[in-house]
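With mmCIF, C-alpha atoms inside, this is protein_21.cif:
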```cif
data_target
loop_
_atom_site.label_atom_id
_atom_site.label_comp_id
_atom_site.auth_asym_id
_atom_site.auth_seq_id
_atom_site.Cartn_x
_atom_site.Cartn_y
_atom_site.Cartn_z
CA MET M 1 0.00 0.00 0.00
CA HIS M 2 1.44 3.36 -1.04
CA ILE M 3 0.59 6.92 -0.04
CA GLU M 4 -0.36 7.78 -3.63
CA ASP M 5 -2.98 5.01 -3.50
CA LEU M 6 -4.86 6.67 -0.65
CA GLY M 7 -6.68 9.35 -2.64
CA PHE M 8 -10.29 9.09 -3.77
CA ILE M 9 -11.09 8.01 -7.33
CA ALA M 10 -13.58 10.29 -9.08
CA LYS M 11 -16.59 8.79 -10.86
CA ASN M 12 -17.31 10.14 -14.34
CA GLN M 13 -20.69 11.59 -15.25
CA ASP M 14 -21.92 8.38 -16.91
CA GLN M 15 -21.03 6.39 -13.79
CA ILE M 16 -22.83 8.85 -11.54
CA LYS M 17 -25.91 8.81 -13.77
CA GLU M 18 -26.12 5.03 -13.99
CA SER M 19 -25.48 4.65 -10.26
CA VAL M 20 -28.61 6.70 -9.67
CA ASN M 21 -30.55 4.69 -12.27
CA THR M 22 -29.43 1.48 -10.58
CA GLN M 23 -30.66 2.65 -7.20
CA GLN M 24 -34.04 3.64 -8.62
CA ARG M 25 -34.56 0.42 -10.58
CA TYR M 26 -33.49 -1.75 -7.69
CA GLY M 27 -35.92 0.11 -5.44
CA VAL M 28 -38.73 -0.76 -7.86
CA PHE M 29 -37.53 -4.37 -7.90
CA LEU M 30 -37.49 -4.61 -4.09
CA ASP M 31 -41.02 -3.19 -3.90
CA ALA M 32 -42.21 -5.71 -6.50
CA TRP M 33 -40.44 -8.57 -4.71
CA LYS M 34 -41.98 -7.65 -1.35
CA ARG M 35 -45.42 -7.50 -2.97
CA LYS M 36 -44.92 -10.93 -4.52
CA GLU M 37 -43.78 -12.30 -1.14
CA GLY M 38 -47.15 -11.25 0.26
CA TYR M 39 -48.76 -13.91 -1.93
CA LYS M 40 -46.63 -16.80 -0.66
CA GLY M 41 -48.58 -19.96 0.03
CA SER M 42 -51.96 -20.61 -1.55
CA MET M 43 -55.66 -19.87 -1.28
CA SER M 44 -58.49 -22.15 -2.37
CA PHE M 45 -61.82 -23.59 -1.37
CA GLY M 46 -61.83 -26.85 0.54
CA LYS M 47 -64.41 -28.96 2.34
CA LYS M 48 -64.64 -29.48 6.05
CA ALA M 49 -67.57 -31.55 7.34
CA ASN M 50 -69.18 -31.22 3.87
CA ILE M 51 -69.09 -27.42 4.07
CA GLU M 52 -66.89 -25.45 1.68
CA TYR M 53 -64.55 -22.94 3.26
CA LEU M 54 -62.00 -20.54 1.82
CA LEU M 55 -58.63 -21.70 3.10
CA ARG M 56 -55.30 -19.86 3.22
CA ASP M 57 -52.27 -22.18 3.41
CA TYR M 58 -48.83 -20.90 4.38
CA TYR M 59 -45.62 -21.83 6.20
CA ASP M 60 -44.38 -20.22 9.41
CA ASN M 61 -40.77 -21.05 10.37
CA GLY M 62 -40.99 -24.30 8.43
CA VAL M 63 -44.37 -25.28 9.89
CA ARG M 64 -47.36 -25.58 7.55
CA LYS M 65 -50.37 -23.64 8.78
CA GLN M 66 -53.88 -23.10 7.52
CA LYS M 67 -56.30 -20.27 8.16
CA VAL M 68 -60.06 -20.47 7.52
CA LEU M 69 -61.33 -17.28 5.91
CA GLY M 70 -65.04 -18.13 5.91
CA GLN M 71 -67.68 -20.30 4.27
CA ARG M 72 -68.10 -20.19 0.53
CA SER M 73 -70.20 -17.17 -0.41
CA PRO M 74 -70.17 -14.37 -2.99
CA GLU M 75 -67.93 -12.45 -0.60
CA THR M 76 -65.32 -15.19 -0.16
CA GLU M 77 -65.43 -15.96 -3.89
CA LYS M 78 -64.50 -12.33 -4.49
CA VAL M 79 -61.70 -12.60 -1.92
CA LEU M 80 -60.27 -15.57 -3.85
CA ALA M 81 -60.67 -13.83 -7.22
CA ASP M 82 -58.93 -10.71 -5.91
CA TYR M 83 -56.13 -12.85 -4.44
CA LEU M 84 -55.52 -14.69 -7.71
CA ALA M 85 -55.63 -11.48 -9.75
CA GLY M 86 -53.32 -9.73 -7.32
CA ARG M 87 -50.86 -12.63 -7.35
CA GLU M 88 -50.77 -12.65 -11.15
CA ASP M 89 -50.22 -8.87 -11.26
CA ALA M 90 -47.46 -9.14 -8.65
CA GLU M 91 -45.73 -11.88 -10.67
CA GLN M 92 -45.82 -9.80 -13.85
CA ARG M 93 -44.53 -6.68 -12.11
CA LEU M 94 -41.69 -8.67 -10.57
CA LYS M 95 -40.71 -10.13 -13.95
CA ALA M 96 -40.64 -6.65 -15.49
CA ALA M 97 -38.56 -5.28 -12.61
CA GLN M 98 -36.12 -8.22 -12.86
CA ALA M 99 -35.69 -7.58 -16.58
CA ASN M 100 -34.95 -3.89 -15.95
CA VAL M 101 -32.37 -4.74 -13.29
CA ALA M 102 -30.72 -7.28 -15.62
CA ARG M 103 -30.45 -4.70 -18.42
CA GLN M 104 -29.04 -2.18 -15.97
CA ALA M 105 -26.44 -4.73 -14.82
CA GLY M 106 -25.11 -4.91 -18.37
CA ILE M 107 -24.74 -1.13 -18.49
CA ASN M 108 -23.01 -1.17 -15.10
CA ARG M 109 -20.50 -3.77 -16.24
CA ALA M 110 -19.70 -1.77 -19.36
CA LEU M 111 -19.05 1.33 -17.23
CA GLY M 112 -16.93 -0.51 -14.67
CA LEU M 113 -19.28 0.29 -11.82
CA GLY M 114 -18.93 -3.05 -10.04
CA ARG M 115 -17.32 -2.81 -6.60
CA VAL M 116 -18.74 -5.35 -4.16
CA PRO M 117 -17.22 -8.85 -4.48
CA ALA M 118 -19.84 -11.09 -6.14
CA ILE M 119 -19.85 -13.71 -3.36
CA GLY M 120 -20.25 -11.04 -0.67
CA ALA M 121 -23.11 -9.44 -2.58
CA LYS M 122 -24.89 -12.79 -2.92
CA ILE M 123 -24.60 -13.35 0.82
CA ILE M 124 -25.93 -9.89 1.65
CA ARG M 125 -28.89 -10.40 -0.72
CA ALA M 126 -29.66 -13.76 0.90
CA VAL M 127 -29.63 -12.13 4.35
CA ASP M 128 -31.85 -9.35 3.00
CA LYS M 129 -34.37 -11.76 1.47
CA ALA M 130 -34.50 -13.63 4.78
CA GLY M 131 -35.74 -10.42 6.40
CA LEU M 132 -32.65 -9.98 8.58
CA LEU M 133 -30.75 -7.09 6.98
CA GLY M 134 -31.31 -3.96 9.03
CA LYS M 135 -33.61 -5.93 11.33
CA GLY M 136 -31.10 -7.57 13.61
CA VAL M 137 -28.14 -7.87 11.23
CA LYS M 138 -25.78 -5.19 9.86
CA VAL M 139 -22.83 -5.41 7.51
CA ILE M 140 -19.71 -4.16 9.29
CA GLY M 141 -16.02 -4.02 8.45
CA THR M 142 -14.60 -3.38 4.99
CA ASN M 143 -17.79 -4.30 3.11
CA ALA M 144 -19.59 -1.39 4.77
CA MET M 145 -17.35 1.00 2.82
CA PHE M 146 -19.07 -0.01 -0.44
CA ALA M 147 -22.29 1.47 0.95
CA TYR M 148 -20.61 4.76 1.85
CA GLU M 149 -19.04 5.31 -1.56
CA ALA M 150 -22.27 4.33 -3.33
CA ILE M 151 -23.95 7.66 -2.55
CA THR M 152 -21.01 9.93 -3.40
CA GLU M 153 -19.24 10.97 -6.59
CA VAL M 154 -16.00 9.20 -5.64
CA TYR M 155 -14.68 5.71 -4.86
CA PHE M 156 -12.28 4.55 -2.19
CA PRO M 157 -8.98 3.22 -3.55
CA GLN M 158 -9.27 -0.49 -4.21
CA SER M 159 -6.22 -1.20 -2.06
CA VAL M 160 -8.25 -0.53 1.11
CA THR M 161 -11.52 -2.20 0.04
CA SER M 162 -10.17 -5.52 -1.21
CA THR M 163 -11.51 -8.29 1.02
CA GLU M 164 -11.99 -12.04 1.12
CA ASP M 165 -14.42 -12.09 4.01
CA ILE M 166 -17.52 -10.44 5.37
CA ASP M 167 -18.51 -9.57 8.94
CA MET M 168 -22.15 -9.63 9.97
CA MET M 169 -23.11 -8.06 13.29
CA PHE M 170 -25.99 -9.71 15.13
CA ASP M 171 -28.08 -7.57 17.47
CA ALA M 172 -29.50 -10.09 19.94
CA ARG M 173 -31.96 -7.48 21.25
CA ALA M 174 -33.84 -7.30 17.95
CA LYS M 175 -37.12 -9.14 17.42
CA ILE M 176 -36.06 -11.20 14.43
CA ARG M 177 -38.46 -12.91 12.06
CA PHE M 178 -36.32 -15.20 9.94
CA ALA M 179 -37.75 -16.11 6.51
CA SER M 180 -36.35 -18.73 4.15
CA ALA M 181 -36.59 -19.40 0.43
CA ASP M 182 -37.40 -22.99 1.37
CA GLU M 183 -40.66 -22.55 3.26
CA THR M 184 -40.79 -26.16 4.47
CA THR M 185 -37.66 -26.03 6.64
CA ALA M 186 -36.74 -23.80 9.56
CA PRO M 187 -34.12 -21.31 8.32
CA THR M 188 -30.53 -21.02 9.57
CA ILE M 189 -27.62 -18.75 8.69
CA ILE M 190 -25.53 -21.71 7.52
CA GLY M 191 -28.50 -22.78 5.39
CA LEU M 192 -28.63 -19.32 3.79
CA LEU M 193 -24.92 -19.49 3.02
CA GLN M 194 -25.31 -22.94 1.46
CA GLN M 195 -28.04 -21.57 -0.80
CA VAL M 196 -25.40 -19.14 -2.09
CA ASP M 197 -22.61 -21.73 -2.29
CA ARG M 198 -23.09 -25.36 -1.27
CA SER M 199 -19.46 -25.64 -0.17
CA PHE M 200 -19.96 -23.36 2.87
CA ILE M 201 -19.40 -25.20 6.15
CA ARG M 202 -19.25 -24.05 9.74
CA ALA M 203 -15.72 -23.69 11.08
CA PRO M 204 -14.64 -25.35 14.35
CA ASN M 205 -14.80 -21.95 16.10
CA ARG M 206 -18.59 -22.00 15.45
CA PHE M 207 -18.84 -18.26 14.60
CA SER M 208 -17.29 -18.57 11.11
CA ALA M 209 -18.18 -20.31 7.88
CA ASN M 210 -15.94 -20.79 4.86
CA ASN M 211 -16.31 -22.13 1.34
CA ASN M 212 -13.98 -24.02 -0.99
CA ASP M 213 -12.50 -20.74 -2.26
CA GLY M 214 -11.51 -19.64 1.23
CA TYR M 215 -14.15 -16.91 1.53
CA ILE M 216 -15.01 -16.40 5.20
CA VAL M 217 -18.22 -15.23 6.85
CA ASP M 218 -18.00 -14.17 10.51
CA LEU M 219 -21.03 -13.67 12.75
CA VAL M 220 -20.19 -11.26 15.57
CA ARG M 221 -22.04 -9.48 18.34
CA PRO M 222 -21.24 -6.90 21.03
CA GLN M 223 -19.96 -8.00 24.40
CA ILE M 224 -22.86 -8.62 26.75
CA ASN M 225 -23.09 -6.15 29.59
CA PRO M 226 -23.59 -7.24 32.29
CA PRO M 227 -21.88 -10.54 31.37
CA TRP M 228 -24.53 -12.67 33.06
CA LYS M 229 -27.34 -11.20 30.98
CA ASP M 230 -29.02 -13.96 28.98
CA LEU M 231 -29.10 -13.09 25.28
CA PRO M 232 -29.14 -15.51 22.33
CA SER M 233 -25.89 -16.12 20.46
CA SER M 234 -27.58 -17.68 17.43
CA ILE M 235 -30.06 -16.01 15.10
CA SER M 236 -31.95 -19.25 14.49
CA ASN M 237 -31.50 -20.91 17.91
CA ASN M 238 -30.42 -24.03 16.01
CA SER M 239 -27.48 -25.82 17.67
CA ASP M 240 -25.91 -26.52 14.26
CA ASP M 241 -26.02 -22.87 13.16
CA LEU M 242 -23.37 -20.16 13.48
CA GLU M 243 -23.00 -18.74 16.99
CA ALA M 244 -21.97 -15.09 17.17
CA ILE M 245 -18.71 -14.30 18.95
CA GLN M 246 -18.61 -11.36 21.36
CA ILE M 247 -16.32 -8.50 20.23
CA GLY M 248 -15.33 -5.47 22.28
CA GLY M 249 -16.49 -2.05 21.08
CA LEU M 250 -19.36 -3.36 18.93
CA SER M 251 -21.97 -2.14 21.41
CA TRP M 252 -21.13 1.36 20.15
CA HIS M 253 -22.17 0.29 16.64
CA GLU M 254 -25.22 -1.48 17.99
CA ASN M 255 -26.55 1.77 19.44
CA ALA M 256 -25.39 4.07 16.62
CA PRO M 257 -27.65 5.00 13.68
CA SER M 258 -27.74 2.70 10.67
CA PHE M 259 -26.78 3.68 7.13
CA GLU M 260 -28.41 2.20 4.03
CA ALA M 261 -27.40 2.41 0.38
CA VAL M 262 -27.57 0.42 -2.86
CA ALA M 263 -24.11 -0.57 -4.07
CA ILE M 264 -23.12 -2.49 -7.22
CA ASP M 265 -21.32 -5.82 -7.31
CA THR M 266 -18.61 -6.93 -9.74
CA ARG M 267 -21.26 -8.43 -12.05
CA GLY M 268 -23.01 -5.07 -12.27
CA GLU M 269 -25.90 -6.18 -10.08
CA PRO M 270 -27.28 -4.01 -7.26
CA VAL M 271 -27.13 -4.97 -3.60
CA ARG M 272 -28.75 -3.19 -0.67
CA ILE M 273 -26.34 -2.76 2.24
CA VAL M 274 -27.31 -1.76 5.78
CA ALA M 275 -24.20 -0.76 7.72
CA PRO M 276 -23.23 1.45 10.66
CA ASP M 277 -23.28 5.22 10.16
CA PRO M 278 -19.98 6.15 8.42
CA ARG M 279 -19.07 8.51 11.25
CA ALA M 280 -19.44 5.64 13.70
CA PHE M 281 -17.40 3.42 11.37
CA ALA M 282 -14.52 5.90 11.27
CA VAL M 283 -14.51 6.50 15.04
CA HIS M 284 -14.59 2.77 15.79
CA LYS M 285 -11.84 1.95 13.26
CA HIS M 286 -9.66 4.73 14.70
CA TRP M 287 -10.14 3.25 18.17
CA LEU M 288 -9.33 -0.25 16.87
CA SER M 289 -6.11 1.05 15.30
CA LYS M 290 -4.89 1.95 18.78
CA GLN M 291 -5.59 -1.38 20.48
CA PRO M 292 -2.24 -2.98 21.44
CA ASP M 293 -3.59 -6.53 21.28
CA ARG M 294 -4.60 -6.14 17.62
CA ARG M 295 -2.24 -7.40 14.91
CA PRO M 296 0.02 -4.61 13.53
CA ASP M 297 -1.10 -5.15 9.92
CA LYS M 298 -4.75 -4.92 10.95
CA ARG M 299 -4.09 -1.78 12.99
CA ALA M 300 -2.48 -0.14 9.95
CA ARG M 301 -5.49 -1.03 7.76
CA ASP M 302 -7.89 0.18 10.47
CA ARG M 303 -6.07 3.52 10.66
CA CYS M 304 -6.18 3.94 6.90
CA GLN M 305 -9.86 3.03 6.59
CA ALA M 306 -10.79 5.34 9.47
CA ALA M 307 -9.01 8.28 7.81
CA LEU M 308 -10.53 7.61 4.40
CA VAL M 309 -14.11 7.20 5.64
CA ALA M 310 -13.81 10.31 7.83
CA ALA M 311 -12.45 12.28 4.86
CA MET M 312 -15.31 11.05 2.67
CA VAL M 313 -17.81 12.19 5.29
CA ALA M 314 -16.16 15.62 5.59
CA GLN M 315 -15.63 16.22 1.87
CA HIS M 316 -18.46 14.34 0.14
CA MET M 317 -21.29 13.86 2.65
CA PRO M 318 -22.39 17.36 3.72
CA HIS M 319 -25.66 15.93 4.99
CA LEU M 320 -23.72 14.04 7.69
CA PRO M 321 -21.81 16.69 9.68
CA PHE M 322 -19.52 15.39 12.40
CA ASP M 323 -21.24 16.37 15.63
CA PRO M 324 -19.93 14.71 18.81
CA ASP M 325 -23.40 15.10 20.34
CA GLN M 326 -24.70 12.67 17.69
CA MET M 327 -22.09 10.10 18.69
CA LYS M 328 -23.34 9.49 22.20
CA SER M 329 -23.21 5.72 21.80
CA PHE M 330 -19.40 6.08 21.93
CA PRO M 331 -17.32 7.11 24.96
CA ARG M 332 -16.55 10.82 24.74
CA LYS M 333 -12.79 10.23 24.81
CA VAL M 334 -13.03 7.86 21.82
CA VAL M 335 -14.99 10.45 19.82
CA GLU M 336 -12.69 13.32 20.74
CA ASP M 337 -9.64 11.27 19.80
CA ALA M 338 -11.02 10.78 16.26
CA ALA M 339 -12.44 14.28 15.73
CA HIS M 340 -9.37 15.57 13.85
CA LEU M 341 -10.00 13.02 11.08
CA PHE M 342 -13.20 14.81 10.09
CA ALA M 343 -11.57 18.16 9.27
CA ALA M 344 -12.55 19.06 5.69
CA SER M 345 -8.89 19.70 4.85
CA ALA M 346 -7.62 16.43 6.35
CA ASP M 347 -5.47 14.31 4.04
CA PRO M 348 -6.03 10.58 4.63
CA ALA M 349 -2.41 9.87 3.68
CA ASP M 350 -1.25 11.97 6.65
CA GLN M 351 -2.97 9.53 9.01
CA PHE M 352 -1.17 6.47 7.66
CA SER M 353 2.38 5.69 8.74
CA PHE M 354 4.51 3.06 7.01
#
```

Transcribe the structure of this file into structure tokens.
Amino acid sequence: MHIEDLGFIAKNQDQIKESVNTQQRYGVFLDAWKRKEGYKGSMSFGKKANIEYLLRDYYDNGVRKQKVLGQRSPETEKVLADYLAGREDAEQRLKAAQANVARQAGINRALGLGRVPAIGAKIIRAVDKAGLLGKGVKVIGTNAMFAYEAITEVYFPQSVTSTEDIDMMFDARAKIRFASADETTAPTIIGLLQQVDRSFIRAPNRFSANNNDGYIVDLVRPQINPPWKDLPSSISNNSDDLEAIQIGGLSWHENAPSFEAVAIDTRGEPVRIVAPDPRAFAVHKHWLSKQPDRRPDKRARDRCQAALVAAMVAQHMPHLPFDPDQMKSFPRKVVEDAAHLFAASADPADQFSF
């Protein structure tokens, strides 16, 4: 890593334009997908004790359930007709939105807009479709930086965003409703990962999973305070699933605001990322860079990422001013120690020693 590599890379006007188009088209797709999800299961008339009833069949956490909506009548016949018409309309809208996103992906590839590693993007989408992203799970670490640059007119240098792993932070306080593409089985994180790549297996440490290519997924959570407080370590409560490891300092992220953006993966496809606020990211990374028990190479990368994200906030995110009063989830000393990074004139290279 060289000092000259630490500057931002400007997007050209075509890249900026198509980034906006991508965000808009993916928003339409997500709306269409959510509408289609509302029609999961089935609805039909069935007999019970020789009386016809309108029945709604669906799965809840892998368990098949059935709801009786009333005896057959002109009213329930209309309910069924409206359901079938709505489901058909939702399917057509989703197909149209998928086609638009696919065409946009081709444009994005041609313009070199892809940033998020394809495997990481697939994992984030799987977590999103399971209803976990932003609702108990955040993307932290290097992959969060792809969300920050997605809304600005510049990129981070690739030397500080290259990564072969992804960290997911689990907030055990959240009321999580875990959905799965396979409605008939109770969902798990390891199951989601295996839908992305069948070679994913849980590592002996129980909080990591890795695939045949060596890509690593870590499930982490803040240290429990007080230590004897009983909070779940697994999202699914399945003994074979990943169990989040407790990491110091993550409680500050847990209580900080979230940040959401649509980034673009290396195949040109959009991916919604929910991450910590970039100001919180920079303050936390700066703190990490000063921890003596952290590996020297990781401390150097932490210091560099903290400086770059803080500079991006100061120079390219005017809607996110650095206000210590908005960082109350962090200890005051930690915030004050990082404040100089957010000066508009700060040069990220000055914060990185070799």

Each residue of region 83-194 of chain M lying at most 9 Å from region 313-323 of chain M should get a row with its shortest atom-to-atom pair and the distance in Å to one decimal, counting all atoms listed in the file; could you produce that, ordered by chain and increasing number, as a Markdown table?
```
| residue | atom | partner | partner_atom | distance |
| --- | --- | --- | --- | --- |
| M:Tyr148 | CA | M:Val313 | CA | 8.7 |
| M:Ile151 | CA | M:Met317 | CA | 8.5 |
| M:Thr152 | CA | M:His316 | CA | 6.2 |
| M:Glu153 | CA | M:His316 | CA | 7.6 |
| M:Val154 | CA | M:His316 | CA | 8.1 |
```

ask   = By how many Å are CA of Phe259 (chain M) and CA of Gly106 (chain M) apart?
value =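 Interatomic distance here is 27.0 Å.
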
task = Spell out the residues picked by the PyMOL selection byres ((chain M and resi 261-277) around 6) here, as a list in words.
result = Gln23, Ala105, Asn108, Arg109, Gly114, Arg115, Val116, Pro117, Ala118, Gly134, Lys138, Val139, Ile140, Ala144, Ala147, Ala150, Pro257, Ser258, Phe259, Glu260, Pro278, Arg279 and Ala280 of chain M

message = I'd like the contact shell of Leu111 (chain M) - 8 Å cut-off, all atoms listed in the file, skipping same-chain residues fewer than 3 positions apart - returned as number ranges by chain.
response = M: 14-15, 107-108

Keeping only C-alpha atoms, write those residues as a tab-separated table (two decimals), in the coordinates of the input.
```tsv
chain	number	residue	atom	x	y	z
M	14	ASP	CA	-21.92	8.38	-16.91
M	15	GLN	CA	-21.03	6.39	-13.79
M	107	ILE	CA	-24.74	-1.13	-18.49
M	108	ASN	CA	-23.01	-1.17	-15.10
```

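Of the listed residues (M:Gly249, M:Pro222, M:Gly214, M:Pro348), M:Gly214 comes nearest to Ile119 (chain M); the distances count all atoms listed in the file.
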
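With CA of Asp197 (chain M) on one side and CA of Thr142 (chain M) on the other, the separation reads 21.3 Å.
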
How big is the axis-aligned box, and where does its centre sit, when it encloses all atoms of region 64-83 of chain M listed in the file and has 5 Å added on every side, reported in Å to one decimal as AutoDock Vina command-line options?
```
--center_x -58.8 --center_y -18.1 --center_z 0.8 --size_x 32.8 --size_y 24.9 --size_z 26.0
```
